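Student: File follows, input_32.cif with mmCIF, C-alpha atoms:
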data_data
#
loop_
_atom_site.group_PDB
_atom_site.id
_atom_site.type_symbol
_atom_site.label_atom_id
_atom_site.label_comp_id
_atom_site.auth_asym_id
_atom_site.auth_seq_id
_atom_site.Cartn_x
_atom_site.Cartn_y
_atom_site.Cartn_z
ATOM 1 C CA MET A 1 113.111 -5.153 8.299
ATOM 2 C CA TYR A 2 111.361 -5.215 4.949
ATOM 3 C CA GLU A 3 112.298 -3.288 1.824
ATOM 4 C CA TYR A 4 110.749 0.160 1.956
ATOM 5 C CA THR A 5 110.080 2.350 -1.060
ATOM 6 C CA ALA A 6 108.953 5.869 -0.270
ATOM 7 C CA PHE A 7 106.177 7.510 -2.254
ATOM 8 C CA ARG A 8 107.176 10.551 -4.288
ATOM 9 C CA ASN A 9 106.513 13.963 -2.800
ATOM 10 C CA VAL A 10 103.877 15.571 -5.036
ATOM 11 C CA ALA A 11 102.958 19.095 -3.906
ATOM 12 C CA SER A 12 99.558 19.039 -5.635
ATOM 13 C CA LYS A 13 98.594 15.765 -3.930
ATOM 14 C CA ASN A 14 99.732 17.165 -0.572
ATOM 15 C CA LEU A 15 97.541 20.218 -1.096
ATOM 16 C CA ILE A 16 94.532 18.059 -2.016
ATOM 17 C CA GLN A 17 95.053 15.926 1.096
ATOM 18 C CA GLU A 18 95.395 18.958 3.348
ATOM 19 C CA ARG A 19 92.575 21.093 1.955
ATOM 20 C CA PHE A 20 90.064 18.564 0.664
ATOM 21 C CA GLU A 21 90.672 15.001 1.799
ATOM 22 C CA VAL A 22 91.141 15.589 5.534
ATOM 23 C CA PRO A 23 88.144 17.935 5.931
ATOM 24 C CA THR A 24 85.973 15.564 3.861
ATOM 25 C CA LEU A 25 86.878 12.447 5.804
ATOM 26 C CA VAL A 26 86.402 14.230 9.150
ATOM 27 C CA ARG A 27 82.864 15.219 8.133
ATOM 28 C CA ALA A 28 81.916 12.039 6.273
ATOM 29 C CA LEU A 29 83.074 9.672 9.003
ATOM 30 C CA ASP A 30 82.020 11.890 11.897
ATOM 31 C CA VAL A 31 85.486 11.894 13.460
ATOM 32 C CA PRO A 32 85.210 12.793 17.153
ATOM 33 C CA CYS A 33 86.984 15.830 18.581
ATOM 34 C CA GLY A 34 89.123 16.084 21.701
ATOM 35 C CA ARG A 35 90.464 12.521 21.560
ATOM 36 C CA ARG A 36 93.843 10.805 21.467
ATOM 37 C CA MET A 37 94.762 10.446 17.789
ATOM 38 C CA LEU A 38 97.482 8.507 15.959
ATOM 39 C CA GLU A 39 98.321 8.720 12.273
ATOM 40 C CA ILE A 40 100.270 5.721 11.018
ATOM 41 C CA GLY A 41 102.573 6.285 8.072
ATOM 42 C CA CYS A 42 102.353 10.055 8.512
ATOM 43 C CA GLY A 43 105.211 10.672 6.085
ATOM 44 C CA ARG A 44 105.770 14.403 5.651
ATOM 45 C CA GLY A 45 102.985 15.188 8.137
ATOM 46 C CA VAL A 46 100.655 16.734 5.565
ATOM 47 C CA ALA A 47 97.491 15.598 7.382
ATOM 48 C CA LEU A 48 98.582 16.353 10.939
ATOM 49 C CA ALA A 49 97.979 20.134 10.962
ATOM 50 C CA PRO A 50 94.477 19.957 9.427
ATOM 51 C CA LEU A 51 93.606 17.090 11.780
ATOM 52 C CA ALA A 52 94.754 19.199 14.725
ATOM 53 C CA ALA A 53 92.698 22.180 13.542
ATOM 54 C CA ARG A 54 89.514 20.207 12.848
ATOM 55 C CA CYS A 55 89.588 17.588 15.611
ATOM 56 C CA GLN A 56 91.505 19.363 18.386
ATOM 57 C CA PRO A 57 92.945 16.116 19.743
ATOM 58 C CA VAL A 58 94.198 15.999 23.327
ATOM 59 C CA ARG A 59 97.133 14.012 21.989
ATOM 60 C CA LEU A 60 98.287 13.907 18.368
ATOM 61 C CA VAL A 61 100.976 11.452 17.280
ATOM 62 C CA GLY A 62 102.391 10.680 13.864
ATOM 63 C CA ILE A 63 104.579 7.683 13.150
ATOM 64 C CA ASP A 64 106.543 6.733 10.080
ATOM 65 C CA ILE A 65 109.259 4.212 9.377
ATOM 66 C CA ASP A 66 111.240 6.760 7.345
ATOM 67 C CA GLU A 67 113.124 9.123 9.646
ATOM 68 C CA SER A 68 113.930 11.554 6.819
ATOM 69 C CA LEU A 69 110.196 12.092 6.194
ATOM 70 C CA LEU A 70 109.660 12.852 9.875
ATOM 71 C CA ALA A 71 112.112 15.764 9.561
ATOM 72 C CA PHE A 72 109.812 17.252 6.892
ATOM 73 C CA ALA A 73 106.804 16.560 9.123
ATOM 74 C CA ASP A 74 108.484 18.391 11.989
ATOM 75 C CA GLU A 75 109.091 21.433 9.748
ATOM 76 C CA ASN A 76 105.470 21.381 8.535
ATOM 77 C CA LEU A 77 104.154 21.247 12.089
ATOM 78 C CA LEU A 78 106.449 24.083 13.199
ATOM 79 C CA ARG A 79 105.261 26.274 10.307
ATOM 80 C CA ALA A 80 101.622 25.516 11.177
ATOM 81 C CA GLY A 81 102.165 26.087 14.903
ATOM 82 C CA VAL A 82 100.882 22.602 15.721
ATOM 83 C CA GLU A 83 102.176 20.464 18.560
ATOM 84 C CA ALA A 84 102.355 16.759 17.831
ATOM 85 C CA GLU A 85 104.611 13.882 18.733
ATOM 86 C CA LEU A 86 106.548 12.390 15.835
ATOM 87 C CA LEU A 87 108.154 8.985 16.211
ATOM 88 C CA GLN A 88 110.067 6.695 13.937
ATOM 89 C CA ALA A 89 108.172 3.432 14.282
ATOM 90 C CA ASP A 90 106.934 0.435 12.351
ATOM 91 C CA VAL A 91 103.155 -0.022 12.280
ATOM 92 C CA ARG A 92 103.739 -3.752 12.823
ATOM 93 C CA ALA A 93 105.385 -3.079 16.211
ATOM 94 C CA LEU A 94 103.866 0.101 17.648
ATOM 95 C CA PRO A 95 105.703 1.523 20.689
ATOM 96 C CA PHE A 96 102.519 2.296 22.633
ATOM 97 C CA ALA A 97 100.618 0.606 25.439
ATOM 98 C CA GLU A 98 97.288 -1.085 24.848
ATOM 99 C CA ALA A 99 94.334 1.281 24.421
ATOM 100 C CA SER A 100 96.585 4.346 24.015
ATOM 101 C CA PHE A 101 94.445 5.958 21.295
ATOM 102 C CA ASP A 102 90.799 6.661 20.565
ATOM 103 C CA VAL A 103 91.353 7.251 16.842
ATOM 104 C CA VAL A 104 93.923 5.703 14.516
ATOM 105 C CA LEU A 105 94.124 7.111 11.015
ATOM 106 C CA ASP A 106 95.700 5.461 7.979
ATOM 107 C CA PHE A 107 96.152 7.054 4.558
ATOM 108 C CA GLY A 108 96.870 3.673 2.947
ATOM 109 C CA THR A 109 99.852 2.355 4.887
ATOM 110 C CA VAL A 110 98.324 -1.076 5.591
ATOM 111 C CA TYR A 111 97.971 -1.615 1.839
ATOM 112 C CA HIS A 112 101.711 -1.212 1.380
ATOM 113 C CA VAL A 113 103.399 -3.115 4.202
ATOM 114 C CA ASP A 114 104.430 -6.724 4.224
ATOM 115 C CA ARG A 115 102.640 -8.749 6.898
ATOM 116 C CA ALA A 116 99.679 -6.361 6.991
ATOM 117 C CA ALA A 117 97.967 -8.706 9.459
ATOM 118 C CA HIS A 118 100.600 -7.707 12.045
ATOM 119 C CA ALA A 119 99.833 -4.051 11.356
ATOM 120 C CA LEU A 120 96.100 -4.590 11.866
ATOM 121 C CA ASN A 121 96.708 -6.442 15.117
ATOM 122 C CA GLU A 122 98.905 -3.609 16.387
ATOM 123 C CA ILE A 123 96.317 -1.016 15.400
ATOM 124 C CA ALA A 124 93.632 -2.980 17.240
ATOM 125 C CA ARG A 125 95.912 -3.333 20.269
ATOM 126 C CA VAL A 126 96.594 0.402 20.641
ATOM 127 C CA LEU A 127 92.950 1.384 20.044
ATOM 128 C CA SER A 128 90.734 1.801 23.079
ATOM 129 C CA PRO A 129 87.478 -0.212 23.150
ATOM 130 C CA GLY A 130 85.000 1.670 20.997
ATOM 131 C CA GLY A 131 87.896 3.467 19.285
ATOM 132 C CA LEU A 132 87.855 4.209 15.565
ATOM 133 C CA PHE A 133 90.221 3.062 12.865
ATOM 134 C CA LEU A 134 89.847 5.383 9.864
ATOM 135 C CA HIS A 135 91.282 4.008 6.641
ATOM 136 C CA GLU A 136 91.266 4.368 2.893
ATOM 137 C CA THR A 137 89.090 1.978 0.926
ATOM 138 C CA ARG A 138 90.393 -0.251 -1.828
ATOM 139 C CA LEU A 139 88.857 2.165 -4.351
ATOM 140 C CA ALA A 140 90.931 5.028 -2.908
ATOM 141 C CA GLN A 141 94.088 2.957 -3.170
ATOM 142 C CA LEU A 142 93.374 1.895 -6.736
ATOM 143 C CA SER A 143 92.650 5.506 -7.686
ATOM 144 C CA ALA A 144 95.798 6.896 -6.077
ATOM 145 C CA HIS A 145 98.243 4.070 -6.817
ATOM 146 C CA PRO A 146 96.766 1.861 -9.566
ATOM 147 C CA ILE A 147 99.878 -0.209 -10.279
ATOM 148 C CA ARG A 148 101.454 -0.331 -6.825
ATOM 149 C CA SER A 149 98.243 -1.408 -5.072
ATOM 150 C CA LEU A 150 96.712 -3.640 -7.755
ATOM 151 C CA ALA A 151 97.405 -6.977 -6.065
ATOM 152 C CA ARG A 152 97.301 -5.701 -2.482
ATOM 153 C CA ARG A 153 94.485 -6.572 -0.101
ATOM 154 C CA VAL A 154 93.950 -5.812 3.576
ATOM 155 C CA PRO A 155 93.480 -9.038 5.576
ATOM 156 C CA TRP A 156 90.580 -7.800 7.725
ATOM 157 C CA SER A 157 89.925 -11.300 9.077
ATOM 158 C CA ALA A 158 93.252 -11.049 10.970
ATOM 159 C CA ALA A 159 91.722 -8.424 13.286
ATOM 160 C CA PRO A 160 88.085 -9.436 13.847
ATOM 161 C CA GLU A 161 87.740 -6.935 16.700
ATOM 162 C CA LEU A 162 87.879 -4.136 14.095
ATOM 163 C CA GLN A 163 84.251 -4.133 12.991
ATOM 164 C CA PRO A 164 83.004 -2.123 9.970
ATOM 165 C CA ALA A 165 81.237 1.072 11.028
ATOM 166 C CA ARG A 166 80.873 3.715 8.300
ATOM 167 C CA SER A 167 81.818 4.002 4.661
ATOM 168 C CA ALA A 168 82.163 7.066 2.441
ATOM 169 C CA VAL A 169 83.424 5.862 -0.980
ATOM 170 C CA PHE A 170 87.155 6.550 -0.521
ATOM 171 C CA TRP A 171 87.114 6.275 3.262
ATOM 172 C CA ALA A 172 85.754 3.884 5.853
ATOM 173 C CA SER A 173 85.865 3.456 9.595
ATOM 174 C CA ARG A 174 86.010 0.424 11.807
ATOM 175 C CA VAL A 175 85.222 0.405 15.484
ATOM 176 C CA LYS A 176 87.111 -1.714 17.990
ATOM 177 C CA ALA A 177 84.664 -4.085 19.631
ATOM 178 C CA GLY A 178 84.752 -4.447 23.358
#
What is this file in structure tokens?

Tutor:
Amino acid sequence: MYEYTAFRNVASKNLIQERFEVPTLVRALDVPCGRRMLEIGCGRGVALAPLAARCQPVRLVGIDIDESLLAFADENLLRAGVEAELLQADVRALPFAEASFDVVLDFGTVYHVDRAAHALNEIARVLSPGGLFLHETRLAQLSAHPIRSLARRVPWSAAPELQPARSAVFWASRVKAG
């Protein structure tokens, strides 16, 4: 296990993510509706309810390594009346079969884990062929966490099956080849 440092809970940032960021990324990246969706590093579950409302996934799962954050996520989902599975899991060892999801969403987790190549390989493994990996761009990370993400890079060459698809300044998508 690696050393984990949780991000601070900032109510204003949560509100921006819920009311602005999620709706914008869904429109900008043309996120499909009615699919199997996984959010890695879901934390307090801020994005799960708006994703459920906008994308109406047939399966919605959020994972996080921090079990205490999942308790907050569970409360948020209950308040919103949204059904989703919440699991304590490490993105570098996802507890799902191959091709379990059509969409995997990441609000920056791969920028902040050691051995990010393992995370990318796991994401590619659980994505169905033609599935989408939606992720923050480097610009988004530098804007949100200028010091913490300064020297961090995502090793895209470790998962060549994740091919660039769309880009929308702070967000991008990759499609799983095959």

Student: Residues proximal to (88.1, -3.3, 18.6) were defined as those with any atom within 7 Å of that point in the file's coordinates, counting all atoms listed in the file. Which are they, as a CSV table (one decimal) with C-alpha atoms, keeping the file's coordinate frame?

Tutor:
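New file part01.csv:
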chain,number,residue,atom,x,y,z
A,124,ALA,CA,93.6,-3.0,17.2
A,127,LEU,CA,93.0,1.4,20.0
A,129,PRO,CA,87.5,-0.2,23.2
A,130,GLY,CA,85.0,1.7,21.0
A,131,GLY,CA,87.9,3.5,19.3
A,161,GLU,CA,87.7,-6.9,16.7
A,162,LEU,CA,87.9,-4.1,14.1
A,163,GLN,CA,84.3,-4.1,13.0
A,175,VAL,CA,85.2,0.4,15.5
A,176,LYS,CA,87.1,-1.7,18.0
A,177,ALA,CA,84.7,-4.1,19.6
A,178,GLY,CA,84.8,-4.4,23.4

Student: List the residues selected by the PyMOL selection byres ((chain A and resi 28) around 9) in the file shown, writing them as a list of chain:residue names.

Tutor: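 Evaluating the PyMOL selection byres ((chain A and resi 28) around 9) on this file yields A:Pro23, A:Thr24, A:Leu25, A:Val26, A:Arg27, A:Leu29, A:Asp30, A:Val31, A:Arg166, A:Ser167, A:Ala168, A:Trp171.
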
Student: Neighbours of stretch 58-73 of chain A within 9 Å (all atoms listed in the file; same-chain residues fewer than 3 positions away dropped), as a PyMOL selection string?

Tutor: chain A and resi 4+6+33-46+48+51-52+76-78+83-91+94+101

Student: Near A:Glu122, counting all atoms listed in the file, which residues have an atom at most 8 Å away, once you skip same-chain residues fewer than 3 positions from it, shown as a PDB file with C-alpha atoms, in the frame of the given file?

Tutor:
ATOM      1  CA  VAL A  91     103.155  -0.022  12.280  1.00  0.00           C
ATOM      2  CA  ARG A  92     103.739  -3.752  12.823  1.00  0.00           C
ATOM      3  CA  ALA A  93     105.385  -3.079  16.211  1.00  0.00           C
ATOM      4  CA  LEU A  94     103.866   0.101  17.648  1.00  0.00           C
ATOM      5  CA  HIS A 118     100.600  -7.707  12.045  1.00  0.00           C
ATOM      6  CA  ALA A 119      99.833  -4.051  11.356  1.00  0.00           C
ATOM      7  CA  ARG A 125      95.912  -3.333  20.269  1.00  0.00           C
ATOM      8  CA  VAL A 126      96.594   0.402  20.641  1.00  0.00           C
TER       9      VAL A 126
END

Student: What separation in Å, quoted to one decimal, exists between atom CA of A:Glu75 and atom CA of A:Leu132?

Tutor: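 Separation between atom CA of A:Glu75 and atom CA of A:Leu132: 28.0 Å.
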
Student: So what do you get for atom CA of A:Tyr111 versus atom CA of A:Ser173, distance-wise?

Tutor: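 About the pair atom CA of A:Tyr111 and atom CA of A:Ser173: they are 15.2 Å apart.
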
Student: How many Å lie between atom CA of A:Gly108 and atom CA of A:Phe20, rounded to one decimal?

Tutor: 16.5 Å

Student: Between A:Ala165, A:Val103, A:Val154, A:Leu134, which residue has the minimum interatomic distance to A:Ala116, considering only C-alpha atoms?

Tutor: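 Of A:Ala165, A:Val103, A:Val154, A:Leu134, the one nearest A:Ala116, counting only C-alpha atoms, is A:Val154.
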
Student: With only C-alpha atoms as the basis for distance, which of A:Ile123, A:Pro32, A:Glu18, A:Pro57 is at the shortest distance from A:Ala99?

Tutor: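 Nearest candidate to A:Ala99 out of A:Ile123, A:Pro32, A:Glu18, A:Pro57: A:Ile123.
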
Student: Of the candidates A:Arg115, A:Arg79, A:Arg174, A:Arg19, which shows the shortest atom-to-atom distance to A:Arg153, using only C-alpha atoms?

Tutor: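 The answer is A:Arg115, which sits nearest to A:Arg153.
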
Student: To box stretch 54-71 of chain A, take all atoms listed in the file, fit an axis-aligned box, add 3 Å on each side, and give centre and edge lengths in Å to one decimal, as JSON.

Tutor:
{"center_x": 101.7, "center_y": 12.2, "center_z": 14.8, "size_x": 30.4, "size_y": 22.0, "size_z": 23.1}

Student: I'd like to see the residues matched by the PyMOL selection byres ((chain A and resi 158) around 9) on this file, and ideally I'd get them as a PyMOL selection string.

Tutor: chain A and resi 116-118+120-121+155-157+159-161

Student: Now that the selection is made, can you save its residues with C-alpha atoms as a PDB file, keeping the file's coordinate frame?

Tutor:
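Written file, part20.pdb:
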ATOM      1  CA  ALA A 116      99.679  -6.361   6.991  1.00  0.00           C
ATOM      2  CA  ALA A 117      97.967  -8.706   9.459  1.00  0.00           C
ATOM      3  CA  HIS A 118     100.600  -7.707  12.045  1.00  0.00           C
ATOM      4  CA  LEU A 120      96.100  -4.590  11.866  1.00  0.00           C
ATOM      5  CA  ASN A 121      96.708  -6.442  15.117  1.00  0.00           C
ATOM      6  CA  PRO A 155      93.480  -9.038   5.576  1.00  0.00           C
ATOM      7  CA  TRP A 156      90.580  -7.800   7.725  1.00  0.00           C
ATOM      8  CA  SER A 157      89.925 -11.300   9.077  1.00  0.00           C
ATOM      9  CA  ALA A 159      91.722  -8.424  13.286  1.00  0.00           C
ATOM     10  CA  PRO A 160      88.085  -9.436  13.847  1.00  0.00           C
ATOM     11  CA  GLU A 161      87.740  -6.935  16.700  1.00  0.00           C
TER      12      GLU A 161
END

Student: With N, CA, C and O atoms as the target, complete stretch 97-122 of chain A and hand it back as a short mmCIF file (atom, residue, chain, number, x, y, z; two decimals), in the coordinates of the input.

Tutor:
data_model
loop_
_atom_site.label_atom_id
_atom_site.label_comp_id
_atom_site.auth_asym_id
_atom_site.auth_seq_id
_atom_site.Cartn_x
_atom_site.Cartn_y
_atom_site.Cartn_z
N ALA A 97 101.35 1.55 24.60
CA ALA A 97 100.62 0.61 25.44
C ALA A 97 99.25 0.31 24.82
O ALA A 97 98.76 1.06 23.97
N GLU A 98 98.65 -0.75 25.28
CA GLU A 98 97.29 -1.08 24.85
C GLU A 98 96.35 0.07 25.15
O GLU A 98 96.50 0.76 26.17
N ALA A 99 95.39 0.27 24.26
CA ALA A 99 94.33 1.28 24.42
C ALA A 99 94.88 2.70 24.59
O ALA A 99 94.30 3.51 25.31
N SER A 100 95.97 3.02 23.92
CA SER A 100 96.58 4.35 24.02
C SER A 100 95.87 5.41 23.20
O SER A 100 96.05 6.60 23.44
N PHE A 101 95.06 5.00 22.20
CA PHE A 101 94.44 5.96 21.30
C PHE A 101 92.96 5.68 21.10
O PHE A 101 92.52 4.54 21.16
N ASP A 102 92.23 6.76 20.85
CA ASP A 102 90.80 6.66 20.56
C ASP A 102 90.53 6.64 19.07
O ASP A 102 89.49 6.16 18.62
N VAL A 103 91.47 7.20 18.30
CA VAL A 103 91.35 7.25 16.84
C VAL A 103 92.71 6.93 16.24
O VAL A 103 93.72 7.51 16.64
N VAL A 104 92.72 5.99 15.30
CA VAL A 104 93.92 5.70 14.52
C VAL A 104 93.55 5.95 13.06
O VAL A 104 92.52 5.48 12.59
N LEU A 105 94.39 6.70 12.39
CA LEU A 105 94.12 7.11 11.02
C LEU A 105 95.20 6.56 10.10
O LEU A 105 96.39 6.62 10.42
N ASP A 106 94.77 6.05 8.94
CA ASP A 106 95.70 5.46 7.98
C ASP A 106 95.37 5.93 6.57
O ASP A 106 94.29 5.66 6.05
N PHE A 107 96.30 6.63 5.95
CA PHE A 107 96.15 7.05 4.56
C PHE A 107 96.75 6.01 3.62
O PHE A 107 97.45 6.35 2.68
N GLY A 108 96.48 4.74 3.87
CA GLY A 108 96.87 3.67 2.95
C GLY A 108 98.06 2.83 3.34
O GLY A 108 98.44 1.92 2.61
N THR A 109 98.65 3.09 4.49
CA THR A 109 99.85 2.36 4.89
C THR A 109 99.63 0.84 4.91
O THR A 109 100.47 0.09 4.42
N VAL A 110 98.52 0.38 5.47
CA VAL A 110 98.32 -1.08 5.59
C VAL A 110 98.25 -1.77 4.23
O VAL A 110 98.47 -2.97 4.15
N TYR A 111 97.96 -1.02 3.18
CA TYR A 111 97.97 -1.62 1.84
C TYR A 111 99.39 -1.84 1.33
O TYR A 111 99.58 -2.57 0.36
N HIS A 112 100.36 -1.21 1.94
CA HIS A 112 101.71 -1.21 1.38
C HIS A 112 102.78 -1.79 2.29
O HIS A 112 103.96 -1.60 2.02
N VAL A 113 102.40 -2.46 3.35
CA VAL A 113 103.40 -3.12 4.20
C VAL A 113 103.29 -4.62 4.06
O VAL A 113 102.21 -5.16 3.86
N ASP A 114 104.43 -5.27 4.15
CA ASP A 114 104.43 -6.72 4.22
C ASP A 114 103.85 -7.11 5.58
O ASP A 114 103.98 -6.36 6.55
N ARG A 115 103.24 -8.26 5.65
CA ARG A 115 102.64 -8.75 6.90
C ARG A 115 101.62 -7.74 7.46
O ARG A 115 101.67 -7.34 8.61
N ALA A 116 100.70 -7.34 6.60
CA ALA A 116 99.68 -6.36 6.99
C ALA A 116 98.84 -6.86 8.16
O ALA A 116 98.31 -6.05 8.93
N ALA A 117 98.73 -8.16 8.32
CA ALA A 117 97.97 -8.71 9.46
C ALA A 117 98.59 -8.25 10.77
O ALA A 117 97.87 -7.93 11.73
N HIS A 118 99.92 -8.19 10.83
CA HIS A 118 100.60 -7.71 12.04
C HIS A 118 100.24 -6.24 12.30
O HIS A 118 100.03 -5.83 13.44
N ALA A 119 100.19 -5.47 11.22
CA ALA A 119 99.83 -4.05 11.36
C ALA A 119 98.41 -3.91 11.91
O ALA A 119 98.17 -3.12 12.83
N LEU A 120 97.48 -4.67 11.38
CA LEU A 120 96.10 -4.59 11.87
C LEU A 120 96.00 -4.99 13.33
O LEU A 120 95.26 -4.37 14.11
N ASN A 121 96.73 -6.02 13.72
CA ASN A 121 96.71 -6.44 15.12
C ASN A 121 97.29 -5.37 16.04
O ASN A 121 96.78 -5.16 17.14
N GLU A 122 98.32 -4.70 15.59
CA GLU A 122 98.90 -3.61 16.39
C GLU A 122 97.95 -2.42 16.48
O GLU A 122 97.81 -1.82 17.54
#
